[in-house]
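Asker: Have a look at the structure that comes next, please.
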Amino acid sequence: MSAILASIQWDLLSLTPPGWGGNLLRGLAKTFQIALGAYVLGLTIGLAGALGKIYGGPVLRWGLEIYTTLIRAVPELVLILLLYYAGTDLLNQALEGLGYERVDISGLAAGIYVLGLVQGAYATEVLRGAILAVPAGQVEAAAAFGMSWVQRHSRIVIPAMIPFALPGLANLWLIVTKDTALLAVVGFSELALETRQAAGATKSYFMFYVIAAMLYLLLTLVSNVVFRWIEHRYRRGQPELN
Amino acid sequence: MQWYWLPEYAPKFAEGLWLTLQLLGLSLFFGMCLAIPIGLVQVTGPRPLAWAARAFCTMIRGTPLLIQLWLVYYGLGSLFPSVPGIRESFLWPILREAFPYAIFVFTLSVAGYEGEVMRGAFRGVPKGELEAARAFGMHPFTVLRRIWLPRALQNVFPTLAGEMVLTLKSTPLAATITIFEVYGISTIVRQETYRIYEPLLFVAGIYICLTGVIVLLFRWAENRIPRVRAG
């Protein structure tokens, strides 16, 4: 125990060099940005996917089924590599085809795109279940009022499904914040990679990984509080669960 | 797409697959052994134990597995040599290998996630059944062994199938601490042949097959559980 405590050098955490605290906090901010971007992209894909799965024709439904099944059966690490290489390749081929120069995609954009595609598959399933849980009578009532399909969905179905979707969506947010760490393997500088660099440079592996774990935990705990508050708001007037 | 490398690396992939299955099997076994008491104490245990189990689950579920893996392998691993006498002890050959660290971390991870699942499972067993068992004069351990645990497991069976797939999908992380399981082998192929997509697609296919096998196994086992369905 004393060996562990002796290995902690707190001055390594100061916010300015030679301390690495600033790098860790920048990494945390990057992690948050990537997670938020990927989450929003995932929700967008998920909403479109859920509507497609419910109302689409056989070809669209079948395609979405393949998308959600494959994404959920392949490890995130493998998917991230595949999507990253495939995405940058396709983009550059398209750019070259149009006569532009090849570009290097920024880590932030690539991370958001890769994790967003993965999140989209999970979000599709969550939102599909939530939309189907909206009582049919409410939708029929909306139709009886003469609302168009778009009005019915933007005014009734989507607001009414949110309480059903929230637990699943909260879970997805926690998953995406943790999945950002996988981007370190591809070389995007977020919290996990900043931590690895700090640990490697100072040789205080134990301390830096503990600090990183605590930062991720903090993000999770704060997110829990926020989601509990949102859920409380959206469940107003509904009977208590449990 | 060029697959000329496949015959050459096939034996390595077979070894990697065996390593993946070992990682999965051992961590699931030890993890479930921990998850059952962790779930149980949260439902019936004394306050401090329940609180500790709850804190453990929150910590495991609130941090990325990759960070846990690096924390234990690089972090703890770098502290061990400074402990006096450890290099002469019988533990040293074990502590030098990466595999035990991976098993340790994956076990804790399974224990954390499944502990939470088992908490709900134990709570979900109808009180009347437990009271009936007690009324028969069963010892608390007999109640657990014969009634509570089987009923709890039965209720969360489909959830456990999903959790097992998630554990399978986290095993590639072991490659980041020098364990060359199936995904790790594909990174070797990538470095040696400069083919990017083929090895990745190949392992993706392997994982899809493994996922399919797990899903089918669980469906088969689920059908063997006798149960009365309402309606």
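For the structure tokens, the naming scheme is as follows: chains receive sequential letters (A, B, ...) according to their order of presentation, residues are indexed from 1 within each chain, and ligands are indexed from 1 in presentation order.
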Residues near range 24-33 of chain A, anyone? I mean within 7 Å using only C-alpha atoms, not counting same-chain ones fewer than 3 positions away, as a PyMOL selection string.
Answerer: chain A and resi 20-21+36-37+180+189-191+194-195
Asker: Using C-alpha atoms, can you export the residues from the last selection as a PDB file, in the first residue's frame?
Answerer:
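selection.pdb written:
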ATOM      1  CA  TRP A  20      -0.463  16.769 -17.350  1.00  0.00           C
ATOM      2  CA  GLY A  21      -3.729  17.897 -15.734  1.00  0.00           C
ATOM      3  CA  LEU A  36     -22.383  14.289 -27.750  1.00  0.00           C
ATOM      4  CA  GLY A  37     -21.916  14.493 -31.517  1.00  0.00           C
ATOM      5  CA  THR A 180     -15.148   6.968 -27.026  1.00  0.00           C
ATOM      6  CA  SER A 189      -6.680  12.154 -28.960  1.00  0.00           C
ATOM      7  CA  GLU A 190      -9.418  11.949 -26.371  1.00  0.00           C
ATOM      8  CA  LEU A 191      -9.230  11.190 -22.665  1.00  0.00           C
ATOM      9  CA  GLU A 194      -4.149  11.615 -23.481  1.00  0.00           C
ATOM     10  CA  THR A 195      -3.972   9.437 -20.381  1.00  0.00           C
TER      11      THR A 195
END
Asker: Which residues of range 199-241 of chain A have any atom within 10 Å of an atom in range 38-58 of chain B when counting only C-alpha atoms, and what is the closest pair of atoms for each, with the distance in Å to one decimal? Order the rows by chain and rising number and write it as a tab-separated table.
Answerer:
residue	atom	partner	partner_atom	distance
A:Leu217	CA	B:Thr58	CA	8.3
A:Thr220	CA	B:Thr58	CA	9.1
A:Leu221	CA	B:Thr58	CA	8.8
Asker: Please save N, CA and C atoms of the selected residues as an mmCIF file, in the first residue's frame.
Answerer:
data_model
loop_
_atom_site.group_PDB
_atom_site.id
_atom_site.type_symbol
_atom_site.label_atom_id
_atom_site.label_comp_id
_atom_site.auth_asym_id
_atom_site.auth_seq_id
_atom_site.Cartn_x
_atom_site.Cartn_y
_atom_site.Cartn_z
ATOM 1 N N LEU A 217 -15.940 8.161 -14.535
ATOM 2 C CA LEU A 217 -16.981 7.878 -13.548
ATOM 3 C C LEU A 217 -17.776 9.136 -13.228
ATOM 4 N N THR A 220 -20.181 9.817 -15.920
ATOM 5 C CA THR A 220 -21.329 8.911 -15.795
ATOM 6 C C THR A 220 -22.280 9.368 -14.700
ATOM 7 N N LEU A 221 -21.710 9.717 -13.533
ATOM 8 C CA LEU A 221 -22.571 10.068 -12.397
ATOM 9 C C LEU A 221 -23.346 11.345 -12.681
#
Asker: If you count only C-alpha atoms, which residues fall within 7 Å of range 125-137 of chain B, apart from same-chain ones fewer than 2 positions away, as a PyMOL selection string?
Answerer: chain B and resi 121-123+139+143+148+151-152
Asker: Take the residues just selected and output them with C-alpha atoms as a PDB file, in the first residue's frame.
Answerer:
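Output file out-v8.pdb is given in full below:
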ATOM      1  CA  ALA B 121     -33.561 -11.021 -10.956  1.00  0.00           C
ATOM      2  CA  PHE B 122     -33.512 -11.883  -7.252  1.00  0.00           C
ATOM      3  CA  ARG B 123     -35.926  -9.050  -6.519  1.00  0.00           C
ATOM      4  CA  HIS B 139     -32.698 -23.925   5.344  1.00  0.00           C
ATOM      5  CA  VAL B 143     -34.175 -21.920  -0.404  1.00  0.00           C
ATOM      6  CA  TRP B 148     -34.568 -18.435  -5.366  1.00  0.00           C
ATOM      7  CA  ARG B 151     -36.268 -18.805 -10.472  1.00  0.00           C
ATOM      8  CA  ALA B 152     -34.089 -15.691 -10.683  1.00  0.00           C
TER       9      ALA B 152
END
Asker: When you count only C-alpha atoms, which of these residues is closest to Gly184 in chain B: A:Leu77, A:Tyr39, A:Val59, A:Ile54?
Answerer: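 Distance minimum relative to Gly184 in chain B lands on A:Leu77.
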Asker: Using only C-alpha atoms, tabulate the residues of chain B lying at most 10 Å from any atom of chain A, each with its closest atom pair and that distance in Å to one decimal, by chain and increasing residue number, as CSV.
Answerer:
residue,atom,partner,partner_atom,distance
B:Thr58,CA,A:Leu217,CA,8.3
B:Met59,CA,A:Leu217,CA,6.8
B:Ile60,CA,A:Leu217,CA,8.9
B:Arg61,CA,A:Leu217,CA,8.5
B:Gly62,CA,A:Leu217,CA,4.9
B:Thr63,CA,A:Leu217,CA,5.4
B:Pro64,CA,A:Lys178,CA,4.7
B:Leu65,CA,A:Lys178,CA,7.9
B:Leu66,CA,A:Ala181,CA,6.8
B:Ile67,CA,A:Ala213,CA,6.4
B:Gln68,CA,A:Ala213,CA,7.3
B:Leu69,CA,A:Tyr209,CA,9.6
B:Trp70,CA,A:Tyr209,CA,7.1
B:Leu71,CA,A:Tyr209,CA,5.1
B:Val72,CA,A:Phe206,CA,8.0
B:Tyr73,CA,A:Phe206,CA,9.3
B:Tyr74,CA,A:Tyr205,CA,6.1
B:Gly75,CA,A:Phe206,CA,3.6
B:Leu76,CA,A:Phe206,CA,6.0
B:Gly77,CA,A:Phe206,CA,8.5
B:Ser78,CA,A:Tyr205,CA,7.1
B:Leu79,CA,A:Ile4,CA,6.8
B:Phe80,CA,A:Ala3,CA,9.1
B:Ser82,CA,A:Ala3,CA,7.1
B:Val83,CA,A:Ala3,CA,7.0
B:Pro84,CA,A:Ala3,CA,9.6
B:Val165,CA,A:Ala73,CA,7.6
B:Leu166,CA,A:Pro75,CA,8.2
B:Thr167,CA,A:Pro75,CA,9.5
B:Leu168,CA,A:Pro75,CA,7.8
B:Lys169,CA,A:Pro75,CA,4.3
B:Ser170,CA,A:Pro75,CA,6.5
B:Thr171,CA,A:Pro75,CA,8.3
B:Pro172,CA,A:Leu77,CA,7.1
B:Leu173,CA,A:Leu77,CA,7.5
B:Thr176,CA,A:Val185,CA,7.8
B:Tyr183,CA,A:Val78,CA,7.7
B:Ser186,CA,A:Val78,CA,9.9
B:Ile196,CA,A:Tyr85,CA,7.9
B:Tyr197,CA,A:Leu82,CA,6.9
B:Glu198,CA,A:Leu82,CA,9.9
B:Leu200,CA,A:Val78,CA,6.6
B:Leu201,CA,A:Leu82,CA,7.8
B:Val203,CA,A:Val78,CA,8.0
B:Ala204,CA,A:Val74,CA,5.6
B:Gly205,CA,A:Val74,CA,8.0
B:Ile206,CA,A:Val74,CA,8.8
B:Tyr207,CA,A:Val74,CA,5.8
B:Ile208,CA,A:Ala73,CA,5.3
B:Cys209,CA,A:Ala73,CA,8.7
B:Leu210,CA,A:Ala73,CA,8.8
B:Thr211,CA,A:Ala73,CA,6.1
B:Gly212,CA,A:Ala73,CA,8.2
Asker: Emit the selected residues as a short mmCIF file (atom, residue, chain, number, x, y, z; two decimals), in the first residue's frame, including N, CA and C atoms.
Answerer:
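Saved as selection25.cif:
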data_model
loop_
_atom_site.label_atom_id
_atom_site.label_comp_id
_atom_site.auth_asym_id
_atom_site.auth_seq_id
_atom_site.Cartn_x
_atom_site.Cartn_y
_atom_site.Cartn_z
N THR B 58 -21.47 0.32 -9.63
CA THR B 58 -21.43 1.66 -10.23
C THR B 58 -20.06 1.95 -10.82
N MET B 59 -19.01 1.56 -10.07
CA MET B 59 -17.66 1.85 -10.54
C MET B 59 -17.35 1.06 -11.81
N ILE B 60 -17.69 -0.21 -11.83
CA ILE B 60 -17.39 -1.02 -13.01
C ILE B 60 -18.19 -0.53 -14.21
N ARG B 61 -19.48 -0.20 -13.97
CA ARG B 61 -20.33 0.19 -15.09
C ARG B 61 -20.10 1.63 -15.52
N GLY B 62 -19.42 2.41 -14.66
CA GLY B 62 -19.25 3.83 -14.97
C GLY B 62 -17.93 4.17 -15.65
N THR B 63 -17.05 3.18 -15.81
CA THR B 63 -15.76 3.46 -16.44
C THR B 63 -15.58 2.53 -17.63
N PRO B 64 -14.86 2.99 -18.67
CA PRO B 64 -14.67 2.14 -19.86
C PRO B 64 -13.82 0.92 -19.53
N LEU B 65 -14.18 -0.19 -20.14
CA LEU B 65 -13.44 -1.43 -19.92
C LEU B 65 -11.98 -1.28 -20.33
N LEU B 66 -11.76 -0.49 -21.40
CA LEU B 66 -10.38 -0.29 -21.87
C LEU B 66 -9.52 0.34 -20.79
N ILE B 67 -10.09 1.35 -20.10
CA ILE B 67 -9.34 2.01 -19.04
C ILE B 67 -9.10 1.04 -17.87
N GLN B 68 -10.10 0.24 -17.54
CA GLN B 68 -9.92 -0.75 -16.48
C GLN B 68 -8.78 -1.71 -16.83
N LEU B 69 -8.78 -2.12 -18.10
CA LEU B 69 -7.76 -3.07 -18.55
C LEU B 69 -6.37 -2.45 -18.45
N TRP B 70 -6.24 -1.22 -18.92
CA TRP B 70 -4.93 -0.56 -18.87
C TRP B 70 -4.55 -0.25 -17.44
N LEU B 71 -5.53 0.14 -16.62
CA LEU B 71 -5.25 0.45 -15.21
C LEU B 71 -4.65 -0.77 -14.52
N VAL B 72 -5.24 -1.93 -14.76
CA VAL B 72 -4.76 -3.12 -14.06
C VAL B 72 -3.45 -3.62 -14.67
N TYR B 73 -3.40 -3.67 -16.02
CA TYR B 73 -2.21 -4.27 -16.64
C TYR B 73 -1.00 -3.35 -16.55
N TYR B 74 -1.16 -2.10 -17.02
CA TYR B 74 -0.01 -1.19 -16.98
C TYR B 74 0.16 -0.56 -15.60
N GLY B 75 -0.98 -0.17 -14.97
CA GLY B 75 -0.91 0.52 -13.68
C GLY B 75 -0.46 -0.40 -12.56
N LEU B 76 -1.32 -1.38 -12.22
CA LEU B 76 -0.95 -2.31 -11.16
C LEU B 76 0.30 -3.09 -11.54
N GLY B 77 0.35 -3.48 -12.82
CA GLY B 77 1.49 -4.27 -13.28
C GLY B 77 2.81 -3.55 -13.07
N SER B 78 2.79 -2.20 -13.18
CA SER B 78 4.05 -1.47 -13.01
C SER B 78 4.40 -1.30 -11.54
N LEU B 79 3.39 -1.50 -10.66
CA LEU B 79 3.68 -1.35 -9.22
C LEU B 79 4.23 -2.64 -8.62
N PHE B 80 3.81 -3.79 -9.20
CA PHE B 80 4.17 -5.06 -8.59
C PHE B 80 5.68 -5.26 -8.40
N SER B 82 7.90 -3.36 -7.62
CA SER B 82 8.48 -2.62 -6.51
C SER B 82 8.12 -3.22 -5.15
N VAL B 83 7.18 -4.19 -5.15
CA VAL B 83 6.85 -4.85 -3.89
C VAL B 83 7.99 -5.78 -3.53
N PRO B 84 8.58 -5.63 -2.31
CA PRO B 84 9.75 -6.44 -1.98
C PRO B 84 9.42 -7.93 -1.95
N VAL B 165 -23.26 -11.87 -25.22
CA VAL B 165 -22.81 -11.34 -26.51
C VAL B 165 -21.97 -10.08 -26.28
N LEU B 166 -22.41 -9.23 -25.32
CA LEU B 166 -21.63 -8.02 -25.03
C LEU B 166 -20.24 -8.38 -24.52
N THR B 167 -20.15 -9.41 -23.68
CA THR B 167 -18.83 -9.82 -23.18
C THR B 167 -17.97 -10.33 -24.32
N LEU B 168 -18.57 -11.12 -25.21
CA LEU B 168 -17.83 -11.59 -26.38
C LEU B 168 -17.27 -10.41 -27.16
N LYS B 169 -18.11 -9.38 -27.32
CA LYS B 169 -17.70 -8.24 -28.14
C LYS B 169 -16.65 -7.38 -27.45
N SER B 170 -16.45 -7.58 -26.14
CA SER B 170 -15.42 -6.79 -25.47
C SER B 170 -14.09 -7.54 -25.42
N THR B 171 -14.07 -8.83 -25.78
CA THR B 171 -12.80 -9.56 -25.71
C THR B 171 -11.72 -9.00 -26.63
N PRO B 172 -12.03 -8.37 -27.80
CA PRO B 172 -10.93 -7.84 -28.62
C PRO B 172 -10.08 -6.81 -27.89
N LEU B 173 -10.62 -6.20 -26.83
CA LEU B 173 -9.83 -5.21 -26.11
C LEU B 173 -8.57 -5.84 -25.54
N THR B 176 -5.14 -5.08 -26.90
CA THR B 176 -4.37 -3.88 -26.55
C THR B 176 -3.39 -4.15 -25.41
N TYR B 183 -9.04 -11.11 -32.86
CA TYR B 183 -8.85 -9.77 -33.41
C TYR B 183 -7.36 -9.40 -33.46
N SER B 186 -5.72 -10.59 -36.47
CA SER B 186 -6.04 -9.80 -37.67
C SER B 186 -5.16 -8.56 -37.75
N ILE B 196 -5.99 -4.10 -45.48
CA ILE B 196 -6.73 -3.49 -44.38
C ILE B 196 -8.08 -4.16 -44.17
N TYR B 197 -8.85 -4.24 -45.27
CA TYR B 197 -10.25 -4.65 -45.09
C TYR B 197 -10.42 -6.15 -44.87
N GLU B 198 -9.65 -6.96 -45.63
CA GLU B 198 -9.93 -8.39 -45.59
C GLU B 198 -9.80 -8.99 -44.19
N LEU B 200 -10.00 -7.57 -41.31
CA LEU B 200 -11.04 -7.02 -40.42
C LEU B 200 -12.39 -7.65 -40.73
N LEU B 201 -12.70 -7.76 -42.05
CA LEU B 201 -13.98 -8.36 -42.42
C LEU B 201 -14.01 -9.82 -41.99
N VAL B 203 -12.48 -11.25 -39.36
CA VAL B 203 -12.79 -11.40 -37.93
C VAL B 203 -14.21 -10.94 -37.63
N ALA B 204 -14.68 -9.91 -38.36
CA ALA B 204 -16.08 -9.51 -38.15
C ALA B 204 -16.99 -10.70 -38.41
N GLY B 205 -16.69 -11.45 -39.49
CA GLY B 205 -17.48 -12.65 -39.80
C GLY B 205 -17.41 -13.67 -38.67
N ILE B 206 -16.20 -13.85 -38.12
CA ILE B 206 -16.05 -14.82 -37.03
C ILE B 206 -16.92 -14.41 -35.84
N TYR B 207 -16.89 -13.10 -35.50
CA TYR B 207 -17.69 -12.66 -34.36
C TYR B 207 -19.18 -12.81 -34.63
N ILE B 208 -19.60 -12.55 -35.89
CA ILE B 208 -21.02 -12.72 -36.21
C ILE B 208 -21.41 -14.18 -36.00
N CYS B 209 -20.54 -15.10 -36.45
CA CYS B 209 -20.83 -16.53 -36.27
C CYS B 209 -20.91 -16.87 -34.78
N LEU B 210 -19.93 -16.38 -34.00
CA LEU B 210 -19.93 -16.69 -32.56
C LEU B 210 -21.21 -16.15 -31.91
N THR B 211 -21.58 -14.90 -32.29
CA THR B 211 -22.81 -14.33 -31.74
C THR B 211 -24.00 -15.22 -32.07
N GLY B 212 -24.04 -15.67 -33.34
CA GLY B 212 -25.14 -16.55 -33.75
C GLY B 212 -25.17 -17.80 -32.92
#
Asker: Skipping near chain neighbours, those fewer than 5 positions away, what residues fall within 8 Å of range 223-236 of chain A using only C-alpha atoms, listed as number ranges by chain?
Answerer: A: 162-163, 166, 170, 174
Asker: Write to file, as a CSV table (one decimal), in the first residue's frame, the residues of the selection just made, with N, CA and C atoms.
Answerer:
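Output below, filename result_17.csv:
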chain,number,residue,atom,x,y,z
A,162,ILE,N,-41.4,9.6,-25.9
A,162,ILE,CA,-40.1,9.9,-25.2
A,162,ILE,C,-40.0,9.2,-23.8
A,163,PRO,N,-41.1,9.2,-23.0
A,163,PRO,CA,-41.0,8.6,-21.7
A,163,PRO,C,-40.7,7.1,-21.8
A,166,LEU,N,-36.8,6.9,-22.9
A,166,LEU,CA,-35.8,7.5,-22.0
A,166,LEU,C,-34.8,6.6,-21.3
A,170,ALA,N,-30.9,6.8,-22.1
A,170,ALA,CA,-29.9,7.1,-21.1
A,170,ALA,C,-28.8,6.1,-21.1
A,174,LEU,N,-24.7,6.5,-21.9
A,174,LEU,CA,-23.6,6.0,-21.0
A,174,LEU,C,-22.7,5.1,-21.9
Asker: Which residues, written as a PyMOL selection string, have at least one atom at most 9 Å from range 101-105 of chain A, with only C-alpha atoms counted and residues fewer than 5 positions away on the same chain left out?
Answerer: chain A and resi 88+91-93+95-96+110
Asker: Excluding Gln154 in chain B and any residue of its chain fewer than 5 positions from it, enumerate the residues within 9 Å of it, using only C-alpha atoms, and give them as an mmCIF file with C-alpha atoms, in the first residue's frame.
Answerer:
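Full text of result.cif as output:
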data_model
loop_
_atom_site.group_PDB
_atom_site.id
_atom_site.type_symbol
_atom_site.label_atom_id
_atom_site.label_comp_id
_atom_site.auth_asym_id
_atom_site.auth_seq_id
_atom_site.Cartn_x
_atom_site.Cartn_y
_atom_site.Cartn_z
ATOM 1 C CA ALA B 121 -33.561 -11.021 -10.956
ATOM 2 C CA LEU B 149 -31.556 -18.823 -7.665
ATOM 3 C CA GLU B 222 -34.466 -21.523 -22.922
ATOM 4 C CA ILE B 225 -36.758 -24.660 -19.215
#
Asker: Can you pull out the residues contacting range 42-46 of chain A? Cut-off 12 Å, using only C-alpha atoms, and skip same-chain residues under 2 positions away; I want them as a JSON list (two decimals) with N, CA and C atoms, in the first residue's frame.
Answerer:
[["chain", "number", "residue", "atom", "x", "y", "z"],
["A", 34, "ILE", "N", -17.08, 14.37, -28.68],
["A", 34, "ILE", "CA", -17.28, 13.23, -29.57],
["A", 34, "ILE", "C", -18.54, 12.48, -29.16],
["A", 35, "ALA", "N", -18.68, 12.26, -27.84],
["A", 35, "ALA", "CA", -19.84, 11.49, -27.35],
["A", 35, "ALA", "C", -21.13, 12.21, -27.71],
["A", 36, "LEU", "N", -21.15, 13.53, -27.49],
["A", 36, "LEU", "CA", -22.38, 14.29, -27.75],
["A", 36, "LEU", "C", -22.71, 14.27, -29.24],
["A", 37, "GLY", "N", -21.70, 14.51, -30.07],
["A", 37, "GLY", "CA", -21.92, 14.49, -31.52],
["A", 37, "GLY", "C", -22.40, 13.14, -31.98],
["A", 38, "ALA", "N", -21.74, 12.08, -31.51],
["A", 38, "ALA", "CA", -22.11, 10.73, -31.93],
["A", 38, "ALA", "C", -23.52, 10.39, -31.45],
["A", 39, "TYR", "N", -23.86, 10.88, -30.26],
["A", 39, "TYR", "CA", -25.18, 10.60, -29.70],
["A", 39, "TYR", "C", -26.26, 11.25, -30.55],
["A", 40, "VAL", "N", -26.04, 12.53, -30.90],
["A", 40, "VAL", "CA", -27.04, 13.24, -31.71],
["A", 40, "VAL", "C", -27.17, 12.58, -33.09],
["A", 48, "ALA", "N", -34.85, 7.92, -37.87],
["A", 48, "ALA", "CA", -35.14, 7.56, -39.27],
["A", 48, "ALA", "C", -35.26, 6.06, -39.41],
["A", 49, "GLY", "N", -34.33, 5.34, -38.76],
["A", 49, "GLY", "CA", -34.34, 3.88, -38.86],
["A", 49, "GLY", "C", -35.59, 3.27, -38.26],
["A", 50, "ALA", "N", -36.01, 3.82, -37.12],
["A", 50, "ALA", "CA", -37.19, 3.27, -36.46],
["A", 50, "ALA", "C", -38.44, 3.50, -37.31],
["A", 51, "LEU", "N", -38.55, 4.73, -37.86],
["A", 51, "LEU", "CA", -39.71, 5.00, -38.73],
["A", 51, "LEU", "C", -39.65, 4.12, -39.97],
["A", 52, "GLY", "N", -38.43, 3.93, -40.49],
["A", 52, "GLY", "CA", -38.28, 3.07, -41.67],
["A", 52, "GLY", "C", -38.67, 1.65, -41.37],
["A", 53, "LYS", "N", -38.28, 1.17, -40.19],
["A", 53, "LYS", "CA", -38.59, -0.22, -39.84],
["A", 53, "LYS", "C", -40.09, -0.41, -39.65],
["A", 64, "LEU", "N", -32.60, -2.31, -43.19],
["A", 64, "LEU", "CA", -32.40, -1.82, -41.82],
["A", 64, "LEU", "C", -32.16, -2.98, -40.86],
["A", 67, "TYR", "N", -28.61, -3.89, -41.19],
["A", 67, "TYR", "CA", -27.79, -2.87, -40.52],
["A", 67, "TYR", "C", -27.78, -3.07, -39.01],
["A", 68, "THR", "N", -28.94, -3.16, -38.40],
["A", 68, "THR", "CA", -28.96, -3.27, -36.93],
["A", 68, "THR", "C", -28.38, -4.59, -36.47],
["A", 112, "ILE", "N", -16.99, 11.08, -34.42],
["A", 112, "ILE", "CA", -18.44, 11.27, -34.35],
["A", 112, "ILE", "C", -19.14, 10.39, -35.38],
["A", 113, "TYR", "N", -18.59, 10.36, -36.60],
["A", 113, "TYR", "CA", -19.22, 9.59, -37.67],
["A", 113, "TYR", "C", -19.21, 8.10, -37.34],
["A", 114, "VAL", "N", -18.05, 7.60, -36.85],
["A", 114, "VAL", "CA", -17.94, 6.17, -36.59],
["A", 114, "VAL", "C", -18.85, 5.74, -35.44],
["A", 115, "LEU", "N", -18.74, 6.45, -34.31],
["A", 115, "LEU", "CA", -19.55, 6.06, -33.16],
["A", 115, "LEU", "C", -21.03, 6.32, -33.41],
["A", 116, "GLY", "N", -21.33, 7.39, -34.21],
["A", 116, "GLY", "CA", -22.72, 7.70, -34.52],
["A", 116, "GLY", "C", -23.38, 6.58, -35.30],
["A", 117, "LEU", "N", -22.64, 6.01, -36.27],
["A", 117, "LEU", "CA", -23.20, 4.89, -37.04],
["A", 117, "LEU", "C", -23.49, 3.69, -36.14],
["A", 118, "VAL", "N", -22.57, 3.45, -35.18],
["A", 118, "VAL", "CA", -22.78, 2.32, -34.26],
["A", 118, "VAL", "C", -23.98, 2.59, -33.36],
["A", 119, "GLN", "N", -24.03, 3.83, -32.80],
["A", 119, "GLN", "CA", -25.14, 4.20, -31.93],
["A", 119, "GLN", "C", -26.48, 4.11, -32.66],
["A", 120, "GLY", "N", -26.46, 4.49, -33.95],
["A", 120, "GLY", "CA", -27.69, 4.50, -34.73],
["A", 120, "GLY", "C", -28.39, 3.16, -34.71],
["A", 121, "ALA", "N", -27.61, 2.08, -34.78],
["A", 121, "ALA", "CA", -28.21, 0.75, -34.80],
["A", 121, "ALA", "C", -28.94, 0.46, -33.49],
["A", 122, "TYR", "N", -28.29, 0.80, -32.38],
["A", 122, "TYR", "CA", -28.92, 0.56, -31.08],
["A", 122, "TYR", "C", -30.12, 1.49, -30.89],
["A", 123, "ALA", "N", -29.95, 2.77, -31.31],
["A", 123, "ALA", "CA", -31.03, 3.74, -31.14],
["A", 123, "ALA", "C", -32.25, 3.34, -31.96],
["A", 124, "THR", "N", -32.02, 2.75, -33.15],
["A", 124, "THR", "CA", -33.14, 2.31, -33.98],
["A", 124, "THR", "C", -34.03, 1.35, -33.20],
["A", 125, "GLU", "N", -33.39, 0.39, -32.53],
["A", 125, "GLU", "CA", -34.17, -0.60, -31.79],
["A", 125, "GLU", "C", -34.91, 0.03, -30.61],
["A", 126, "VAL", "N", -34.19, 0.92, -29.88],
["A", 126, "VAL", "CA", -34.81, 1.57, -28.72],
["A", 126, "VAL", "C", -36.04, 2.37, -29.15],
["A", 127, "LEU", "N", -35.85, 3.21, -30.21],
["A", 127, "LEU", "CA", -36.93, 4.10, -30.62],
["A", 127, "LEU", "C", -38.08, 3.33, -31.27],
["A", 128, "ARG", "N", -37.75, 2.25, -31.99],
["A", 128, "ARG", "CA", -38.81, 1.45, -32.59],
["A", 128, "ARG", "C", -39.74, 0.89, -31.50],
["A", 129, "GLY", "N", -39.12, 0.36, -30.44],
["A", 129, "GLY", "CA", -39.93, -0.17, -29.35],
["A", 129, "GLY", "C", -40.79, 0.92, -28.72],
["A", 130, "ALA", "N", -40.18, 2.13, -28.57],
["A", 130, "ALA", "CA", -40.90, 3.22, -27.90],
["A", 130, "ALA", "C", -42.07, 3.70, -28.76],
["A", 131, "ILE", "N", -41.85, 3.79, -30.08],
["A", 131, "ILE", "CA", -42.92, 4.27, -30.96],
["A", 131, "ILE", "C", -44.08, 3.26, -30.93],
["A", 165, "ALA", "N", -38.89, 5.79, -24.27],
["A", 165, "ALA", "CA", -37.55, 5.63, -24.84],
["A", 165, "ALA", "C", -36.46, 6.05, -23.86],
["A", 166, "LEU", "N", -36.82, 6.91, -22.86],
["A", 166, "LEU", "CA", -35.77, 7.53, -22.04],
["A", 166, "LEU", "C", -34.82, 6.56, -21.35],
["A", 168, "GLY", "N", -33.82, 3.60, -22.19],
["A", 168, "GLY", "CA", -32.92, 3.06, -23.20],
["A", 168, "GLY", "C", -31.96, 4.11, -23.72],
["A", 169, "LEU", "N", -32.48, 5.34, -23.91],
["A", 169, "LEU", "CA", -31.62, 6.41, -24.43],
["A", 169, "LEU", "C", -30.56, 6.81, -23.41],
["A", 170, "ALA", "N", -30.92, 6.81, -22.12],
["A", 170, "ALA", "CA", -29.93, 7.12, -21.08],
["A", 170, "ALA", "C", -28.82, 6.09, -21.12],
["A", 172, "LEU", "N", -27.89, 4.35, -23.69],
["A", 172, "LEU", "CA", -27.07, 4.55, -24.89],
["A", 172, "LEU", "C", -26.06, 5.67, -24.69],
["A", 173, "TRP", "N", -26.47, 6.72, -23.99],
["A", 173, "TRP", "CA", -25.54, 7.83, -23.73],
["A", 173, "TRP", "C", -24.36, 7.33, -22.89],
["A", 175, "ILE", "N", -23.24, 4.33, -22.78],
["A", 175, "ILE", "CA", -22.43, 3.45, -23.62],
["A", 175, "ILE", "C", -21.53, 4.28, -24.54],
["A", 176, "VAL", "N", -22.09, 5.34, -25.12],
["A", 176, "VAL", "CA", -21.26, 6.10, -26.08],
["A", 176, "VAL", "C", -20.14, 6.85, -25.37]]
Asker: Go through range 3-210 of chain A and collect every residue that DSSP, computed from the backbone, puts in alpha helix (DSSP H); the answer should be as an NGL selection string.
Answerer: :A and (3-6 or 21-55 or 58-73 or 76-97 or 107-133 or 136-144 or 149-151 or 158-179 or 183-186 or 191-202 or 205-210)
Asker: Considering only C-alpha atoms, can you say which of A:Gly237, A:Gly111, A:Glu140, A:Gly57 comes closest to Leu41 in chain A?
Answerer: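 Selected residue with least distance to Leu41 in chain A: A:Gly111.
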Asker: Nearest to Ala175 in chain B among B:Phe99, B:Phe157, B:Phe218, B:Tyr113, with distances taken over only C-alpha atoms: which residue is it?
Answerer: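 Nearest candidate to Ala175 in chain B out of B:Phe99, B:Phe157, B:Phe218, B:Tyr113: B:Phe99.
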